[in-house]
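Student: Supplied in structure tokens, the structure appears directly below.
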Amino acid sequence: MLRERFPIFQQKVYINSCSKGALSTDVRAAYEHYLQDWNDKGSPWDYWVGQLEATRSAFARLIHAEADEIAVKTSVSDAVNALASSLDLSARHKIVVDDFAFPTTGQIWHAQSSRGAEIVHVAEADNNTIPIEHYEAIIDDNTLLVSLTHVCYRNGARQDIKPIVDLAHSRGALVMLDSYQALGTFPIDVQALGVDFLVGGTLKYLLGSSGLAFLYVNETHISNLYPTATGWFAQADIFAMDIHQYDPSLTARRFESGTPPNPNLYAALAGLALLEEAGIDAIEAHLIEITGAIKQGAREKGYQIVTPDLHGAMIAIKSNDVEQLVGCLAEDNIIVSSRDGNLRISAHLYNEHADIDALIDGLAKNSHLLV
Ligand SMILES: Cc1ncc(COP(=O)(O)O)c(C=O)c1O
């Protein structure tokens, strides 16, 4: 049973993977392994570069990309900044950002206005979805890039990406997809989606730690883009040690910068191995069942579900005092989180129906905090 490898369940009902994946014995052992290697080998740089390459390949497998299309980064912010620094804003200068965006992506795109970018937002409708017509009205032949969010961190809404990508491409715009809240919960295939760029990180449903993320760059774009946010690990020959030129790698490694975060590579590999062991298709099926149980339980009690029909692993429920509700549930050892006045309940492969029963009981106990 995979659940037994997550000791937190001996004490808590943990349903907060949209914030942070639970710690497994595998990831704890991976950190021990890092310390052991450091202790025993001193400075095994070749081995650590090997871990970097293994992580790159694992990210590539996760999204059906080639390893050469992956840059290993330390956060999604770091990944989006590297991409933004490579964009030429002289011909087209409009960046379209959906209103499901996590703050960091919106903030990074707005920071590009000092380089001449015009940032235009795509608003959500009253039912917590963003209809394709909203994109149709905004993406035009001055649009350089559309920044899309796969699953919204506030309400769990999932977007149907392919039609938006087709629309953007038909108007000559590129697409960057932030899949942080989606990765590890359902299959993602960058070939099928047709996105130009994709970003994500390991600390949530990928079951790793903070301090590790990645940027996918479709191979057709790599040689045309020159990131100015760069460093020695982005060079064609990392160990050229040449301070007289910038000679970027021919692969997506050109979007990297400095020394990789070695401990986090160990953790990422252990987390990703757990997902591969469970199988993404099986995780998706399990989450459809568990999120279905959450919605049914909430509906039976008459609580207001904010999450639209197309959603990811997180279900959001309206509260009239969500911080108090999160605190009351925590007192009963039920760990969930809040954003935007909503209670966020985010299950993963380790959650079972008993967790949902405990949650629904906890909500009933605090029904005065629900609307
Ligand atoms: C959709 C999404 N994008 C980005 C981030 C944050 O990215 P980072 O802190 O790695 O820059 C989060 C974190 O919650 C997120 O949910």
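Labeling convention for the structure tokens: chains A, B, ... as they appear, residues from 1 per chain, ligands from 1 in order of appearance.
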Identify, with DSSP run on backbone atoms, the residues in region 183-317 of chain A assigned to helix (DSSP H, G or I), and express the list as a ChimeraX atom specification.

Tutor: /A:190-193,219-222,232-234,238-240,252-255,262-278,280-301

Student: Can I get the selection written as a PDB file, in the first residue's frame, with C-alpha atoms?

Tutor:
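The resulting file, part_8.pdb, is reproduced below:
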```
ATOM      1  CA  VAL A 190       2.849  18.262 -24.605  1.00  0.00           C
ATOM      2  CA  GLN A 191       2.719  16.812 -28.131  1.00  0.00           C
ATOM      3  CA  ALA A 192      -1.055  16.329 -27.944  1.00  0.00           C
ATOM      4  CA  LEU A 193      -1.627  19.728 -26.306  1.00  0.00           C
ATOM      5  CA  GLU A 219      12.477  21.794 -29.706  1.00  0.00           C
ATOM      6  CA  THR A 220      11.514  23.997 -32.669  1.00  0.00           C
ATOM      7  CA  HIS A 221      11.962  27.142 -30.543  1.00  0.00           C
ATOM      8  CA  ILE A 222      15.166  26.383 -28.661  1.00  0.00           C
ATOM      9  CA  TRP A 232      27.453  28.711 -16.625  1.00  0.00           C
ATOM     10  CA  PHE A 233      25.102  25.696 -16.485  1.00  0.00           C
ATOM     11  CA  ALA A 234      23.356  27.139 -19.570  1.00  0.00           C
ATOM     12  CA  ILE A 238      29.506  23.934 -18.806  1.00  0.00           C
ATOM     13  CA  PHE A 239      33.154  23.419 -18.001  1.00  0.00           C
ATOM     14  CA  ALA A 240      34.561  25.671 -20.769  1.00  0.00           C
ATOM     15  CA  ALA A 252      16.755  23.620 -23.460  1.00  0.00           C
ATOM     16  CA  ARG A 253      19.592  23.571 -20.934  1.00  0.00           C
ATOM     17  CA  ARG A 254      20.251  27.086 -22.279  1.00  0.00           C
ATOM     18  CA  PHE A 255      17.422  28.185 -19.945  1.00  0.00           C
ATOM     19  CA  ASN A 262      21.453  18.826  -5.525  1.00  0.00           C
ATOM     20  CA  PRO A 263      19.413  17.745  -2.462  1.00  0.00           C
ATOM     21  CA  ASN A 264      16.195  18.584  -4.295  1.00  0.00           C
ATOM     22  CA  LEU A 265      17.206  16.449  -7.265  1.00  0.00           C
ATOM     23  CA  TYR A 266      17.348  13.391  -4.997  1.00  0.00           C
ATOM     24  CA  ALA A 267      13.917  14.257  -3.576  1.00  0.00           C
ATOM     25  CA  ALA A 268      12.424  14.888  -7.010  1.00  0.00           C
ATOM     26  CA  LEU A 269      13.648  11.557  -8.344  1.00  0.00           C
ATOM     27  CA  ALA A 270      12.134   9.735  -5.362  1.00  0.00           C
ATOM     28  CA  GLY A 271       8.806  11.587  -5.703  1.00  0.00           C
ATOM     29  CA  LEU A 272       8.609  11.013  -9.449  1.00  0.00           C
ATOM     30  CA  ALA A 273       9.472   7.324  -8.970  1.00  0.00           C
ATOM     31  CA  LEU A 274       6.491   7.005  -6.605  1.00  0.00           C
ATOM     32  CA  LEU A 275       4.217   8.477  -9.267  1.00  0.00           C
ATOM     33  CA  GLU A 276       5.606   6.137 -11.902  1.00  0.00           C
ATOM     34  CA  GLU A 277       5.073   3.217  -9.531  1.00  0.00           C
ATOM     35  CA  ALA A 278       1.440   4.208  -8.971  1.00  0.00           C
ATOM     36  CA  ILE A 280      -0.589   8.438 -13.738  1.00  0.00           C
ATOM     37  CA  ASP A 281      -3.649   6.811 -15.333  1.00  0.00           C
ATOM     38  CA  ALA A 282      -4.438   5.006 -12.085  1.00  0.00           C
ATOM     39  CA  ILE A 283      -3.927   8.216 -10.093  1.00  0.00           C
ATOM     40  CA  GLU A 284      -6.305  10.066 -12.411  1.00  0.00           C
ATOM     41  CA  ALA A 285      -8.974   7.363 -12.006  1.00  0.00           C
ATOM     42  CA  HIS A 286      -8.525   7.387  -8.227  1.00  0.00           C
ATOM     43  CA  LEU A 287      -8.832  11.177  -8.066  1.00  0.00           C
ATOM     44  CA  ILE A 288     -12.001  11.161 -10.180  1.00  0.00           C
ATOM     45  CA  GLU A 289     -13.483   8.804  -7.591  1.00  0.00           C
ATOM     46  CA  ILE A 290     -12.259  10.750  -4.549  1.00  0.00           C
ATOM     47  CA  THR A 291     -13.160  14.227  -5.862  1.00  0.00           C
ATOM     48  CA  GLY A 292     -16.546  12.783  -6.824  1.00  0.00           C
ATOM     49  CA  ALA A 293     -17.021  11.642  -3.219  1.00  0.00           C
ATOM     50  CA  ILE A 294     -16.065  15.104  -1.904  1.00  0.00           C
ATOM     51  CA  LYS A 295     -18.544  16.808  -4.240  1.00  0.00           C
ATOM     52  CA  GLN A 296     -21.315  14.353  -3.413  1.00  0.00           C
ATOM     53  CA  GLY A 297     -20.731  14.709   0.337  1.00  0.00           C
ATOM     54  CA  ALA A 298     -20.729  18.521   0.095  1.00  0.00           C
ATOM     55  CA  ARG A 299     -23.823  18.587  -2.130  1.00  0.00           C
ATOM     56  CA  GLU A 300     -25.772  16.325   0.223  1.00  0.00           C
ATOM     57  CA  LYS A 301     -25.123  18.817   3.029  1.00  0.00           C
TER      58      LYS A 301
END
```

Student: If you count only C-alpha atoms, which residues fall within 10 Å of region 10-19 of chain A, apart from same-chain ones fewer than 3 positions away, as a PyMOL selection string?

Tutor: chain A and resi 3-4+6-7+22+153-154+156+180-182+203-207+312-314+329-330+332-338+344-352+354-356+358-359

Student: Filtering to N, CA and C atoms, could you give me those residues as a CSV table (one decimal), in the first residue's frame?

Tutor:
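What landed in out17.csv:
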```csv
chain,number,residue,atom,x,y,z
A,3,ARG,N,0.0,4.2,0.6
A,3,ARG,CA,-0.3,5.2,1.7
A,3,ARG,C,0.5,4.9,2.9
A,4,GLU,N,0.9,3.7,3.1
A,4,GLU,CA,1.8,3.4,4.3
A,4,GLU,C,3.1,4.0,4.2
A,6,PHE,N,3.5,7.1,3.6
A,6,PHE,CA,3.3,8.5,4.0
A,6,PHE,C,2.9,8.6,5.5
A,7,PRO,N,3.9,8.6,6.4
A,7,PRO,CA,3.7,8.5,7.8
A,7,PRO,C,2.7,9.5,8.4
A,22,ALA,N,2.5,15.3,0.6
A,22,ALA,CA,2.9,14.7,1.9
A,22,ALA,C,4.3,14.1,1.8
A,153,TYR,N,-5.3,27.6,-9.0
A,153,TYR,CA,-5.0,27.4,-7.5
A,153,TYR,C,-6.0,27.9,-6.6
A,154,ARG,N,-6.9,28.7,-7.1
A,154,ARG,CA,-8.0,29.3,-6.2
A,154,ARG,C,-9.2,28.5,-6.1
A,156,GLY,N,-9.8,25.4,-8.4
A,156,GLY,CA,-9.6,24.1,-8.9
A,156,GLY,C,-10.1,23.9,-10.3
A,180,TYR,N,1.5,23.6,-12.9
A,180,TYR,CA,1.9,23.2,-11.5
A,180,TYR,C,0.8,22.5,-10.8
A,181,GLN,N,-0.5,23.0,-10.9
A,181,GLN,CA,-1.6,22.3,-10.1
A,181,GLN,C,-2.1,21.1,-10.8
A,182,ALA,N,-1.6,20.7,-11.9
A,182,ALA,CA,-2.1,19.6,-12.7
A,182,ALA,C,-1.1,18.4,-12.7
A,203,LEU,N,6.9,20.5,-5.7
A,203,LEU,CA,6.5,20.4,-4.2
A,203,LEU,C,5.1,20.0,-3.9
A,204,LYS,N,4.3,19.9,-5.0
A,204,LYS,CA,2.9,19.6,-4.7
A,204,LYS,C,2.6,18.1,-5.1
A,205,TYR,N,1.9,17.9,-6.2
A,205,TYR,CA,1.5,16.5,-6.5
A,205,TYR,C,2.7,15.7,-7.0
A,206,LEU,N,3.8,16.3,-7.3
A,206,LEU,CA,5.0,15.5,-7.7
A,206,LEU,C,5.7,14.9,-6.5
A,207,LEU,N,5.3,15.3,-5.3
A,207,LEU,CA,5.7,14.6,-4.1
A,207,LEU,C,7.2,14.9,-3.7
A,312,GLY,N,-9.5,19.9,-11.6
A,312,GLY,CA,-8.3,19.0,-11.3
A,312,GLY,C,-8.5,18.3,-10.0
A,313,ALA,N,-7.5,18.1,-9.2
A,313,ALA,CA,-7.5,17.3,-8.0
A,313,ALA,C,-8.1,18.1,-6.8
A,314,MET,N,-8.3,19.4,-7.0
A,314,MET,CA,-8.8,20.2,-5.9
A,314,MET,C,-10.2,20.6,-6.0
A,329,LEU,N,-10.8,22.7,11.5
A,329,LEU,CA,-10.5,21.4,11.0
A,329,LEU,C,-9.1,20.9,11.4
A,330,ALA,N,-8.2,21.8,11.5
A,330,ALA,CA,-6.8,21.4,11.9
A,330,ALA,C,-6.8,20.9,13.4
A,332,ASP,N,-9.0,19.2,14.6
A,332,ASP,CA,-9.4,17.8,14.6
A,332,ASP,C,-8.5,17.0,13.7
A,333,ASN,N,-7.3,17.6,13.4
A,333,ASN,CA,-6.3,16.9,12.6
A,333,ASN,C,-6.6,16.7,11.2
A,334,ILE,N,-7.5,17.5,10.7
A,334,ILE,CA,-7.8,17.5,9.2
A,334,ILE,C,-7.1,18.7,8.6
A,335,ILE,N,-6.2,18.4,7.7
A,335,ILE,CA,-5.4,19.4,7.1
A,335,ILE,C,-5.8,19.8,5.7
A,336,VAL,N,-6.4,21.0,5.6
A,336,VAL,CA,-6.8,21.5,4.3
A,336,VAL,C,-6.3,23.0,4.2
A,337,SER,N,-6.6,23.7,3.2
A,337,SER,CA,-6.1,25.1,3.1
A,337,SER,C,-7.1,26.0,2.5
A,338,SER,N,-6.7,27.3,2.4
A,338,SER,CA,-7.7,28.3,1.9
A,338,SER,C,-7.1,29.2,0.9
A,344,ARG,N,-10.0,24.9,0.3
A,344,ARG,CA,-9.4,24.0,-0.7
A,344,ARG,C,-9.1,22.6,-0.2
A,345,ILE,N,-9.7,21.7,-0.8
A,345,ILE,CA,-9.6,20.2,-0.4
A,345,ILE,C,-8.9,19.6,-1.6
A,346,SER,N,-7.7,19.1,-1.4
A,346,SER,CA,-6.9,18.6,-2.5
A,346,SER,C,-6.3,17.2,-2.2
A,347,ALA,N,-7.0,16.2,-2.8
A,347,ALA,CA,-6.6,14.8,-2.5
A,347,ALA,C,-5.5,14.4,-3.5
A,348,HIS,N,-4.9,13.3,-3.1
A,348,HIS,CA,-3.9,12.7,-4.0
A,348,HIS,C,-3.9,11.2,-3.9
A,349,LEU,N,-3.0,10.5,-4.5
A,349,LEU,CA,-3.0,9.1,-4.6
A,349,LEU,C,-3.1,8.4,-3.3
A,350,TYR,N,-2.7,9.1,-2.2
A,350,TYR,CA,-2.7,8.4,-0.9
A,350,TYR,C,-4.0,8.6,-0.1
A,351,ASN,N,-4.9,9.4,-0.6
A,351,ASN,CA,-6.2,9.6,0.1
A,351,ASN,C,-7.2,8.5,-0.2
A,352,GLU,N,-8.0,8.2,0.9
A,352,GLU,CA,-9.0,7.1,0.7
A,352,GLU,C,-10.3,7.6,1.2
A,354,ALA,N,-12.1,7.0,3.7
A,354,ALA,CA,-12.2,7.3,5.1
A,354,ALA,C,-11.8,8.7,5.4
A,355,ASP,N,-10.8,9.3,4.6
A,355,ASP,CA,-10.4,10.7,4.7
A,355,ASP,C,-11.5,11.6,4.4
A,356,ILE,N,-12.2,11.2,3.3
A,356,ILE,CA,-13.3,12.1,2.9
A,356,ILE,C,-14.5,12.0,3.9
A,358,ALA,N,-14.1,11.6,7.1
A,358,ALA,CA,-13.7,12.4,8.2
A,358,ALA,C,-13.9,13.9,7.9
A,359,LEU,N,-13.5,14.3,6.7
A,359,LEU,CA,-13.7,15.7,6.2
A,359,LEU,C,-15.1,16.1,6.3
```

Student: Which residues are near ligand 1 - at most 8 Å, using only C-alpha atoms and all ligand atoms? Format: as an MDAnalysis selection string.

Tutor: chainID A and resid 18:19 74:79 101:105 149:153 178:181 200:201 210:213

Student: Hey, which of A:Pro260, A:Leu167, A:Thr143, A:Ala364 ends up closest to Lys73 (chain A)? Count only C-alpha atoms.

Tutor: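 Residue with the minimum atom-to-atom distance to Lys73 (chain A): A:Pro260.
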
Student: Rounded to one decimal in Å, what is the spacing between CA of Leu370 (chain A) and CA of Asp309 (chain A)?

Tutor: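 Interatomic distance, CA of Leu370 (chain A) to CA of Asp309 (chain A): 20.2 Å.
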
Student: From a DSSP pass on the backbone, collect the residues of region 127-346 of chain A flagged as strand (DSSP E or B) and hand them back as an MDAnalysis selection string.

Tutor: chainID A and resid 143:149 151 157:158 174:178 197:201 213:217 235 248 305 311 314:319 334:335 337:339 342:346

Student: For the residues in that selection, give me C-alpha atoms as a short mmCIF file (atom, residue, chain, number, x, y, z; two decimals), in the first residue's frame.

Tutor:
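Contents of the output file again_5.cif:
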```
data_model
loop_
_atom_site.label_atom_id
_atom_site.label_comp_id
_atom_site.auth_asym_id
_atom_site.auth_seq_id
_atom_site.Cartn_x
_atom_site.Cartn_y
_atom_site.Cartn_z
CA THR A 143 -0.01 38.77 -29.42
CA LEU A 144 3.42 37.29 -28.81
CA LEU A 145 2.48 34.84 -26.07
CA VAL A 146 -0.56 33.50 -24.23
CA SER A 147 0.18 32.51 -20.63
CA LEU A 148 -2.30 29.80 -19.63
CA THR A 149 -3.07 28.09 -16.34
CA VAL A 151 -5.69 24.18 -13.11
CA ALA A 157 -11.02 24.93 -12.39
CA ARG A 158 -9.26 23.04 -15.16
CA LEU A 174 3.00 31.23 -28.68
CA VAL A 175 1.55 29.46 -25.63
CA MET A 176 3.08 28.90 -22.19
CA LEU A 177 1.15 26.56 -19.90
CA ASP A 178 1.55 26.60 -16.11
CA PHE A 197 6.31 26.01 -23.29
CA LEU A 198 5.22 24.36 -20.05
CA VAL A 199 6.26 25.03 -16.47
CA GLY A 200 5.77 23.08 -13.25
CA GLY A 201 7.51 22.17 -10.01
CA ALA A 213 10.92 23.02 -11.06
CA PHE A 214 11.27 22.80 -14.83
CA LEU A 215 10.64 24.57 -18.10
CA TYR A 216 9.68 22.63 -21.24
CA VAL A 217 10.63 24.35 -24.49
CA GLN A 235 26.46 27.11 -21.73
CA PRO A 248 24.35 28.80 -24.98
CA ILE A 305 -19.08 24.09 -4.38
CA HIS A 311 -11.60 20.44 -12.57
CA MET A 314 -8.75 20.21 -5.88
CA ILE A 315 -12.33 20.93 -4.88
CA ALA A 316 -13.11 24.36 -3.42
CA ILE A 317 -16.07 25.09 -1.16
CA LYS A 318 -17.33 28.54 -0.20
CA SER A 319 -16.96 29.58 3.42
CA ILE A 334 -7.83 17.49 9.22
CA ILE A 335 -5.36 19.45 7.09
CA SER A 337 -6.09 25.12 3.10
CA SER A 338 -7.71 28.31 1.88
CA ARG A 339 -7.49 30.85 -0.92
CA ASN A 342 -12.65 29.20 -0.41
CA LEU A 343 -11.78 26.03 1.44
CA ARG A 344 -9.37 24.03 -0.75
CA ILE A 345 -9.58 20.25 -0.43
CA SER A 346 -6.93 18.57 -2.53
#
```
